[in-house]
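A.B. asks: Structure in structure tokens, see below.
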Amino acid sequence: MIGERIKRREDPRLLTGKGQYMADLVIHGMLHAALLRSPHAHARIKRIDPSGALKVPGAVAVFTGADLKQHLEPLASWYNFAGKQAPTQPHDYPLAVSKVRYMGEPVAVVVASDRYVAEDAMEQIEVEYEPLPVVVDAEEAMKENAPLLFEEAGSNIYWQGSFQYGAVEQAFAEADLVVKDKLYFHRFSSTPMEGYAILANYQSVDHSITIWGNFQSPAIFRLRIAHSLGIPMNRVRLITPPDIGGGFGLKMPLHPWAILVAFVSMKVMRPVKWVEDRLEHQAASHHGSEQTSYVEFAAKKDGTILGLRAKIIHNAGAYVHMPEPLGMVEWSHIPQGCYRFRNVAMECYSVLTNKCPVAPNRGYGRMQHQFLIERMMDRVAQELKMDPVDLRLKNFIRPEEFPYESTNGALYDSGQYAACVHKAQETLDWERWKKEQAKAREQGRYIGLGLVSIMDPGVTNMAMVGLFDKSLKMSTTGEAASLTIDPSGTITVLTGSWGQGHETTCAQVVAYEFGIPFEDVYVVPGIDTATHPVAGSSGTYASRFAAMASGALQGAAAELKEKMIRIAAHLWRTDAEKLEFSEGKVREKGGAGKFMPLAQLAALATYSPAKLPPGVKPGMESTFIYNYPKANEMDDSGRANFAATYANVVHAVALEVNPHTGQYEILKYVVVHDAGTLINPLIADGQVHGAVAHSLGAAMLEEFIYNDEGQLLNGSWVDYLCPKATDIPDIEVEHIVTPSPFTAYGVKGMGEGSGPVPALLAQALEDALSPLKQFRITWSRHTPEKVLSMLREARAG
Ligand code: MCN
């Protein structure tokens with residue numbers, strides 16, 4: 001079962017229109033909400049008059065920021081939750097209070113009999129704004145005279161921190177070569193089929209609330225939602241429906257709108273639903289992180305990299321929603337990428353600006369760091385006139401060095417980086433393309449080759465929060481699962497299931513453990529905090545689910561198998577050591593003799609507890625919380641194993657630039673992925689395809705463009721370009737399997753291997769245009785306009 005290319009169980013319902021999304025949920029007496037949003041990026045709210053809205057037939061109530069401030073606690077952050085104030089902690093509510101700080105920020109919520117009425121009523125609300133100076137650029141926002149988003153804080157720098165590992169000064173002093181660059185990683189987002197959506201139903205009789213939402217991590221934020229609403233945590237029930245319409249990280253954070261809709265339901269004492277529309281999603285949900293970096297790499301003449309020094313400035317947008325500002329310390333998973341150097345200094349700034357807040361977005365924070373490292377590797381290769389692939393091979397951590405403790409304590413579990421590179425070159429047919437390139441150049445055509453190698457770390461060790469506050473001592477990576485064997489012998493699995501194939505892969509693991517048919521295992525779709533077991537960090541994000549859930553499933557299965565063996569030993573008056581569990585039954589070791597199938601044992605434990613041995617509890621159910629065995633707390637020097645698994649991914653490309661238009665065509669695209677043991681290689685291939693499409697979209701097309709007044713200029717799909725199927729080339733995927741020595745079955749996480757595409761295309765474009773000029777591409781989105789301007793610059797030169 002483990003390693004089988006089984007088709008996803010989820011697909012038939014999705015492909016036949018039977019998926020159950022948030023918009024499909026209806027409950028009796030439900031009202032609908034619409035949000036009035038600010039047209040200004042920064043303005044004082046001088047007056048709000050909602051009276052007109054309430055005159056619209058069907059409108060039920062209107063609430064503003066002032067109402068929220070009166071009744072709710074501000075949104076939790078890592079800081080105020082630990083009972084402290086952050087350096088510049090904004091008091092943040094789901095609706096703007098007295099000021100708006102980004103275009104699209106909600107200022108009022110209307111509830112009405114249906115969404116159309118709610119939208120009509122919304123238009124009758126009068127708001128008087130006094131526009132304020134705007135700052136959209138993070139470096140401008142750091143300056144002393146910059147407009148302040150939170151005047152009381154006295155600065156727009158939400159958080160800053162410096163980290164040093166190894167002997168950085170010495171490395172730079174001993175270097176033959178120091179290369180420096182300013183790099184810019186642009187702002188884009190993901191495009192789930194369904195945006196964020198919430199349905200809240202408050203019950204005054206017992207002061208409890210049920211909130212349905214397409215949450216990626218209900219377990220983490222339940223505590224924070226309860227805190228804001230002032231409802232005890234055990235009376236806050238969060239339910240994620242079977243199909244969330246894609247999450248890609250964006251549905252992971254503490255979304256203020258869940259608290260807002262819950263608050264409204266409490267006030268109107270009716271169920272209330274709000275579904276984010278596409279324009280709201282684009283402008284004002286959350287965006288991926290935008291980063292400017294000043295980087296230096298130190299190297300020896302022979303290409304040995306000695307160290308990295310970087311100042312990174314993270315444009316956080318107008319508010320910091322948990323898990324932010326984690327995005328800017330995500331480099332801690334992979335401080336030096338795939339390479340062996342041990343001297344790393346990072347100076348980090350999380351800066352507030354009048355843009356949409358940022359949040360996790362597939363490759364959260366790591367994509368930016370991968371871009372930084374891979375671009376600088378290319379820069380060193382250029383300076384030393386070395387082949388960029390050879391430079392990488394020279395600096396890789398070697399297979400015999402694993403497990404490899406990085407300079408900051410990140411414990412890389414296993415890998416064969418050079419083997420992945422060779423496989424990628426072989427699959428791309430590198431040598432043939434080199435010849436093609438030479439021939440093309442003679443004809444005035446520009447073919448470029450690129451190859452980059454990155455880490456795709458899986459699982460966040462929450463120890464990371466220690467990087468922005470040492471007193472926050474966490475070490476959870478946990479995932480939970482519960483298994484019930486019923487008297488008919490089928491097994492029910494309760495764990496999270498969010499649409500990355502979890503219903504299929506969890507069933508594979510359980511079928512494997514018990515040696516029963518895959519069809520006999522049912523994984524309940526979705527997650528409900530009232531019925532499902534959860535751990536401190538449960539959820540689907542940071543490519544964590546497979547590695548952690550398989551540990552929880554294996555643990556729960558082991559407990560049940562041991563219980564069945566004890567019961568059989570008791571009934572047969574024999575030693576448990578003489579028995580084993582195999583192929584769905586307890587039997588005498590060696591396979592001969594007596595056996596008892598799991599259905600019979602489950603029936604016995606359910607209906608005949610008097611037959612059980614002393615100390616064995618009735619029923620055949622087990623819940624197991626698995627925490628990664630190597631997840632430690634951060635020490636005082638800022639070291640910890642900040643992730644759990646460290647997959648390796650190599651992307652290689654051949655492309656051709658059209659010298660007249662600046663457009664480029666991808667001629668061949670190859671990915672070699674090493675995620676350890678694969679539970680389902682078919683799903684793993686799909687994850688790679690998805691990750692590449694996501695990242696190619698970002699590297700070629702997608703970017704949120706703001707003007708100086710903080711107006712988002714491309715908030716619709718007419719001008720914010722998402723790739724279509726026809727924009728994505730064929731992607732050839734190969735796997736190398738280097739199991740993790742530390743996880744169940746050797747599985748590593750793998751859902752985010754998209755990181756390298758911006759760096760990959762930059763390298764290939766530089767290579768293509770190298771006969772004209774040796775370019776240094778320092779930006780992450782490569783549009784035809786930019787390529788054309790490079791061509792013009794080269795010709796003018
Ligand atoms: N898998 C496997 N063998 C492995 C590793 C993974 O068969 N060695 C399978 C898993 O069982 C799972 C899938 O591949 O079905 C992804 O596994 P994993 O790496 O554990 O990642 P998660 O399940 O935690 O998914 C999160 C990851 C992330 S972080 C983003 S962002 C992303 C992604 O998955 N969002 C997605 N892929 C997505 N795919 C879909 N369809 N929708 C999203 O929102």
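Ordered as shown in the structure tokens, chains take letters A, B, and onward, while each chain numbers its residues from 1 and ligands are numbered from 1 in the order shown.
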I want to know what sits within 12 Å of Thr677 in chain A, based on only C-alpha atoms, with residues of the same chain fewer than 3 positions away left out; could you give that as a PyMOL selection string?

C.D. replies: chain A and resi 2-4+414-415+546-547+550+645+647+673-674+680-681+684+735-750

A.B. asks: Could you pull out the strand (DSSP E or B) residues of range 324-370 of chain A, going by DSSP on the backbone, and write them as a ChimeraX atom specification?

C.D. replies: /A:339,343-352,358

A.B. asks: If we count only C-alpha atoms, what is near range 194-201 of chain A at a cut-off of 8 Å, once residues fewer than 6 positions away on the same chain are taken out, given as a PyMOL selection string?

C.D. replies: chain A and resi 21-23+209-214+244-246+251+257-258+261-262+265-266+269-278+281+285

A.B. asks: Residues as selected, N, CA, C and O atoms, written as a short mmCIF file (atom, residue, chain, number, x, y, z; two decimals), in the first residue's frame, can you do that?

C.D. replies:
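The resulting out_11.cif:
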data_model
loop_
_atom_site.label_atom_id
_atom_site.label_comp_id
_atom_site.auth_asym_id
_atom_site.auth_seq_id
_atom_site.Cartn_x
_atom_site.Cartn_y
_atom_site.Cartn_z
N TYR A 21 -18.30 22.65 -0.70
CA TYR A 21 -17.52 23.82 -0.32
C TYR A 21 -18.31 24.64 0.68
O TYR A 21 -19.47 24.36 0.97
N MET A 22 -17.71 25.68 1.16
CA MET A 22 -18.39 26.53 2.15
C MET A 22 -19.66 27.15 1.56
O MET A 22 -20.67 27.25 2.24
N ALA A 23 -19.59 27.59 0.31
CA ALA A 23 -20.76 28.24 -0.28
C ALA A 23 -21.95 27.29 -0.36
O ALA A 23 -23.10 27.73 -0.46
N ILE A 209 -20.40 28.59 20.40
CA ILE A 209 -20.48 28.98 18.99
C ILE A 209 -19.87 27.90 18.11
O ILE A 209 -18.86 27.29 18.48
N THR A 210 -20.55 27.65 16.99
CA THR A 210 -19.99 26.74 15.98
C THR A 210 -19.61 27.60 14.77
O THR A 210 -20.43 28.38 14.29
N ILE A 211 -18.39 27.45 14.33
CA ILE A 211 -17.93 28.24 13.18
C ILE A 211 -17.42 27.27 12.10
O ILE A 211 -16.47 26.53 12.32
N TRP A 212 -18.11 27.28 10.95
CA TRP A 212 -17.62 26.54 9.79
C TRP A 212 -16.74 27.50 8.99
O TRP A 212 -17.11 28.66 8.78
N GLY A 213 -15.62 27.02 8.54
CA GLY A 213 -14.76 27.89 7.73
C GLY A 213 -13.79 27.01 6.98
O GLY A 213 -13.51 25.88 7.41
N ASN A 214 -13.26 27.50 5.86
CA ASN A 214 -12.29 26.65 5.15
C ASN A 214 -10.89 26.84 5.72
O ASN A 214 -9.95 27.16 5.02
N ILE A 244 -12.08 22.43 0.65
CA ILE A 244 -11.84 23.83 0.99
C ILE A 244 -11.53 24.69 -0.23
O ILE A 244 -11.27 25.87 -0.12
N GLY A 245 -11.57 24.06 -1.39
CA GLY A 245 -11.37 24.85 -2.62
C GLY A 245 -9.95 25.34 -2.79
O GLY A 245 -9.71 26.34 -3.44
N GLY A 246 -9.00 24.63 -2.19
CA GLY A 246 -7.60 25.05 -2.27
C GLY A 246 -7.28 26.01 -1.14
O GLY A 246 -8.13 26.82 -0.73
N LYS A 251 -5.16 30.07 3.72
CA LYS A 251 -6.25 29.82 4.66
C LYS A 251 -5.72 29.29 5.99
O LYS A 251 -6.46 28.78 6.80
N TRP A 257 -11.77 37.58 9.72
CA TRP A 257 -13.16 37.52 9.29
C TRP A 257 -13.92 36.41 10.04
O TRP A 257 -15.12 36.50 10.21
N ALA A 258 -13.22 35.40 10.51
CA ALA A 258 -13.89 34.36 11.29
C ALA A 258 -14.41 34.97 12.58
O ALA A 258 -15.54 34.71 13.02
N VAL A 261 -17.45 37.44 11.73
CA VAL A 261 -18.75 36.80 11.45
C VAL A 261 -19.29 36.16 12.73
O VAL A 261 -20.49 36.20 13.01
N ALA A 262 -18.40 35.61 13.55
CA ALA A 262 -18.83 35.03 14.83
C ALA A 262 -19.43 36.12 15.71
O ALA A 262 -20.49 35.94 16.34
N SER A 265 -22.89 37.02 14.52
CA SER A 265 -23.86 35.99 14.89
C SER A 265 -24.23 36.11 16.37
O SER A 265 -25.39 35.96 16.75
N MET A 266 -23.25 36.44 17.20
CA MET A 266 -23.54 36.62 18.63
C MET A 266 -24.50 37.79 18.84
O MET A 266 -25.37 37.76 19.70
N MET A 269 -27.97 36.96 17.03
CA MET A 269 -28.51 35.68 17.52
C MET A 269 -29.07 34.84 16.38
O MET A 269 -30.09 34.19 16.52
N ARG A 270 -28.42 34.91 15.25
CA ARG A 270 -28.82 34.09 14.09
C ARG A 270 -27.55 33.54 13.46
O ARG A 270 -26.47 34.12 13.61
N PRO A 271 -27.68 32.45 12.71
CA PRO A 271 -26.50 32.02 11.94
C PRO A 271 -26.20 33.05 10.86
O PRO A 271 -27.11 33.59 10.24
N VAL A 272 -24.92 33.32 10.64
CA VAL A 272 -24.52 34.34 9.65
C VAL A 272 -23.41 33.75 8.76
O VAL A 272 -22.48 33.12 9.26
N LYS A 273 -23.55 33.99 7.47
CA LYS A 273 -22.54 33.48 6.53
C LYS A 273 -21.94 34.62 5.70
O LYS A 273 -22.65 35.55 5.32
N TRP A 274 -20.65 34.49 5.45
CA TRP A 274 -19.98 35.43 4.56
C TRP A 274 -19.02 34.65 3.67
O TRP A 274 -18.25 33.82 4.16
N VAL A 275 -19.11 34.89 2.37
CA VAL A 275 -18.22 34.23 1.42
C VAL A 275 -17.45 35.33 0.69
O VAL A 275 -18.05 36.21 0.06
N GLU A 276 -16.15 35.25 0.79
CA GLU A 276 -15.29 36.26 0.14
C GLU A 276 -15.45 36.16 -1.37
O GLU A 276 -15.41 35.05 -1.92
N ASP A 277 -15.64 37.30 -2.05
CA ASP A 277 -15.72 37.20 -3.51
C ASP A 277 -14.32 37.39 -4.12
O ASP A 277 -13.35 37.67 -3.41
N ARG A 278 -14.23 37.22 -5.41
CA ARG A 278 -12.91 37.18 -6.05
C ARG A 278 -12.16 38.51 -5.91
O ARG A 278 -10.96 38.54 -5.65
N HIS A 281 -10.88 38.83 -2.50
CA HIS A 281 -9.75 37.94 -2.29
C HIS A 281 -8.46 38.54 -2.84
O HIS A 281 -7.42 38.53 -2.18
N SER A 285 -7.52 39.93 0.97
CA SER A 285 -7.49 38.73 1.80
C SER A 285 -6.12 38.71 2.48
O SER A 285 -5.92 39.36 3.50
#

A.B. asks: Find the residues around Leu788 in chain A up to 12 Å (only C-alpha atoms counted), leave out those fewer than 2 positions away in its own chain, and share them as number ranges by chain.

C.D. replies: A: 657-664, 765, 769, 782-786, 790-795

A.B. asks: Skipping near chain neighbours, those fewer than 2 positions away, what residues fall within 9 Å of range 351-353 of chain A using only C-alpha atoms, listed as a VMD selection string?

C.D. replies: chain A and resid 101 to 102 134 to 139 141 to 142 148 to 149 155 to 160 313 to 320 349 355 to 357

A.B. asks: Find the residue from A:Glu583, A:Glu621, A:Asp486, A:Asp67 that sits nearest to Glu559 in chain A; use only C-alpha atoms when measuring.

C.D. replies: A:Glu621

A.B. asks: Nearest to Trp430 in chain A: which of A:Pro613, A:Gly448, A:Gly288, A:Gly230 is it, counting only C-alpha atoms?

C.D. replies: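 Smallest separation from Trp430 in chain A among the options: A:Gly448.
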
A.B. asks: Which polymer residues have any atom within 6 Å of an atom of range 452-468 of chain A, counting only C-alpha atoms, with same-chain residues fewer than 5 positions away left out, as a PyMOL selection string?

C.D. replies: chain A and resi 474-477+542-544+633-634+642-651+749+753+760

A.B. asks: Emit the selected residues as a PDB file, in the first residue's frame, including N, CA and C atoms.

C.D. replies:
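Written file, again24.pdb:
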ATOM      1  N   MET A 474       8.433  26.881  22.571  1.00  0.00           N
ATOM      2  CA  MET A 474       7.542  25.870  22.009  1.00  0.00           C
ATOM      3  C   MET A 474       8.380  24.793  21.333  1.00  0.00           C
ATOM      4  N   SER A 475       7.791  23.631  21.126  1.00  0.00           N
ATOM      5  CA  SER A 475       8.523  22.570  20.421  1.00  0.00           C
ATOM      6  C   SER A 475       7.547  21.610  19.756  1.00  0.00           C
ATOM      7  N   THR A 476       6.352  22.101  19.423  1.00  0.00           N
ATOM      8  CA  THR A 476       5.385  21.170  18.832  1.00  0.00           C
ATOM      9  C   THR A 476       5.496  21.110  17.312  1.00  0.00           C
ATOM     10  N   THR A 477       5.356  19.885  16.822  1.00  0.00           N
ATOM     11  CA  THR A 477       5.193  19.652  15.384  1.00  0.00           C
ATOM     12  C   THR A 477       3.976  18.741  15.227  1.00  0.00           C
ATOM     13  N   ALA A 542       3.099  24.111   5.588  1.00  0.00           N
ATOM     14  CA  ALA A 542       4.504  23.747   5.751  1.00  0.00           C
ATOM     15  C   ALA A 542       4.770  22.285   5.391  1.00  0.00           C
ATOM     16  N   SER A 543       4.078  21.771   4.402  1.00  0.00           N
ATOM     17  CA  SER A 543       4.319  20.405   3.899  1.00  0.00           C
ATOM     18  C   SER A 543       4.519  19.423   5.050  1.00  0.00           C
ATOM     19  N   ARG A 544       3.566  19.410   5.943  1.00  0.00           N
ATOM     20  CA  ARG A 544       3.783  18.678   7.180  1.00  0.00           C
ATOM     21  C   ARG A 544       2.918  17.448   7.346  1.00  0.00           C
ATOM     22  N   GLU A 633      13.433  22.511  21.689  1.00  0.00           N
ATOM     23  CA  GLU A 633      13.187  23.934  21.943  1.00  0.00           C
ATOM     24  C   GLU A 633      14.381  24.736  21.452  1.00  0.00           C
ATOM     25  N   MET A 634      14.152  26.009  21.184  1.00  0.00           N
ATOM     26  CA  MET A 634      15.285  26.842  20.770  1.00  0.00           C
ATOM     27  C   MET A 634      16.169  27.146  21.982  1.00  0.00           C
ATOM     28  N   PHE A 642      14.462  23.647  13.352  1.00  0.00           N
ATOM     29  CA  PHE A 642      13.256  24.435  13.116  1.00  0.00           C
ATOM     30  C   PHE A 642      12.247  23.762  12.176  1.00  0.00           C
ATOM     31  N   ALA A 643      12.655  22.723  11.455  1.00  0.00           N
ATOM     32  CA  ALA A 643      11.705  21.955  10.638  1.00  0.00           C
ATOM     33  C   ALA A 643      11.845  20.496  11.066  1.00  0.00           C
ATOM     34  N   ALA A 644      11.334  19.572  10.273  1.00  0.00           N
ATOM     35  CA  ALA A 644      11.497  18.159  10.648  1.00  0.00           C
ATOM     36  C   ALA A 644      12.125  17.369   9.502  1.00  0.00           C
ATOM     37  N   THR A 645      11.590  17.546   8.303  1.00  0.00           N
ATOM     38  CA  THR A 645      12.155  16.797   7.188  1.00  0.00           C
ATOM     39  C   THR A 645      12.716  17.781   6.168  1.00  0.00           C
ATOM     40  N   TYR A 646      13.694  17.337   5.415  1.00  0.00           N
ATOM     41  CA  TYR A 646      14.429  18.250   4.541  1.00  0.00           C
ATOM     42  C   TYR A 646      14.530  17.616   3.154  1.00  0.00           C
ATOM     43  N   ALA A 647      13.460  17.718   2.401  1.00  0.00           N
ATOM     44  CA  ALA A 647      13.447  17.165   1.046  1.00  0.00           C
ATOM     45  C   ALA A 647      14.326  18.034   0.137  1.00  0.00           C
ATOM     46  N   ASN A 648      14.773  17.434  -0.939  1.00  0.00           N
ATOM     47  CA  ASN A 648      15.607  18.150  -1.903  1.00  0.00           C
ATOM     48  C   ASN A 648      14.889  18.161  -3.245  1.00  0.00           C
ATOM     49  N   VAL A 649      14.977  19.295  -3.939  1.00  0.00           N
ATOM     50  CA  VAL A 649      14.330  19.413  -5.246  1.00  0.00           C
ATOM     51  C   VAL A 649      15.280  20.093  -6.220  1.00  0.00           C
ATOM     52  N   VAL A 650      15.403  19.511  -7.384  1.00  0.00           N
ATOM     53  CA  VAL A 650      16.196  20.139  -8.446  1.00  0.00           C
ATOM     54  C   VAL A 650      15.251  20.443  -9.612  1.00  0.00           C
ATOM     55  N   HIS A 651      15.291  21.665 -10.074  1.00  0.00           N
ATOM     56  CA  HIS A 651      14.520  22.043 -11.268  1.00  0.00           C
ATOM     57  C   HIS A 651      15.528  22.368 -12.378  1.00  0.00           C
ATOM     58  N   GLY A 749       8.099  15.600   3.952  1.00  0.00           N
ATOM     59  CA  GLY A 749       7.074  16.461   3.353  1.00  0.00           C
ATOM     60  C   GLY A 749       7.495  16.907   1.965  1.00  0.00           C
ATOM     61  N   GLY A 753       7.608  22.305  -3.260  1.00  0.00           N
ATOM     62  CA  GLY A 753       8.875  22.324  -3.985  1.00  0.00           C
ATOM     63  C   GLY A 753       8.902  23.308  -5.127  1.00  0.00           C
ATOM     64  N   LEU A 760      15.461  30.034 -11.087  1.00  0.00           N
ATOM     65  CA  LEU A 760      15.764  29.174 -12.244  1.00  0.00           C
ATOM     66  C   LEU A 760      15.625  29.961 -13.547  1.00  0.00           C
TER      67      LEU A 760
END

A.B. asks: What are the DSSP alpha helix (DSSP H) residues of range 228-388 of chain A, as number ranges by chain?

C.D. replies: A: 228-229, 256-268, 278-284, 366-384, 388
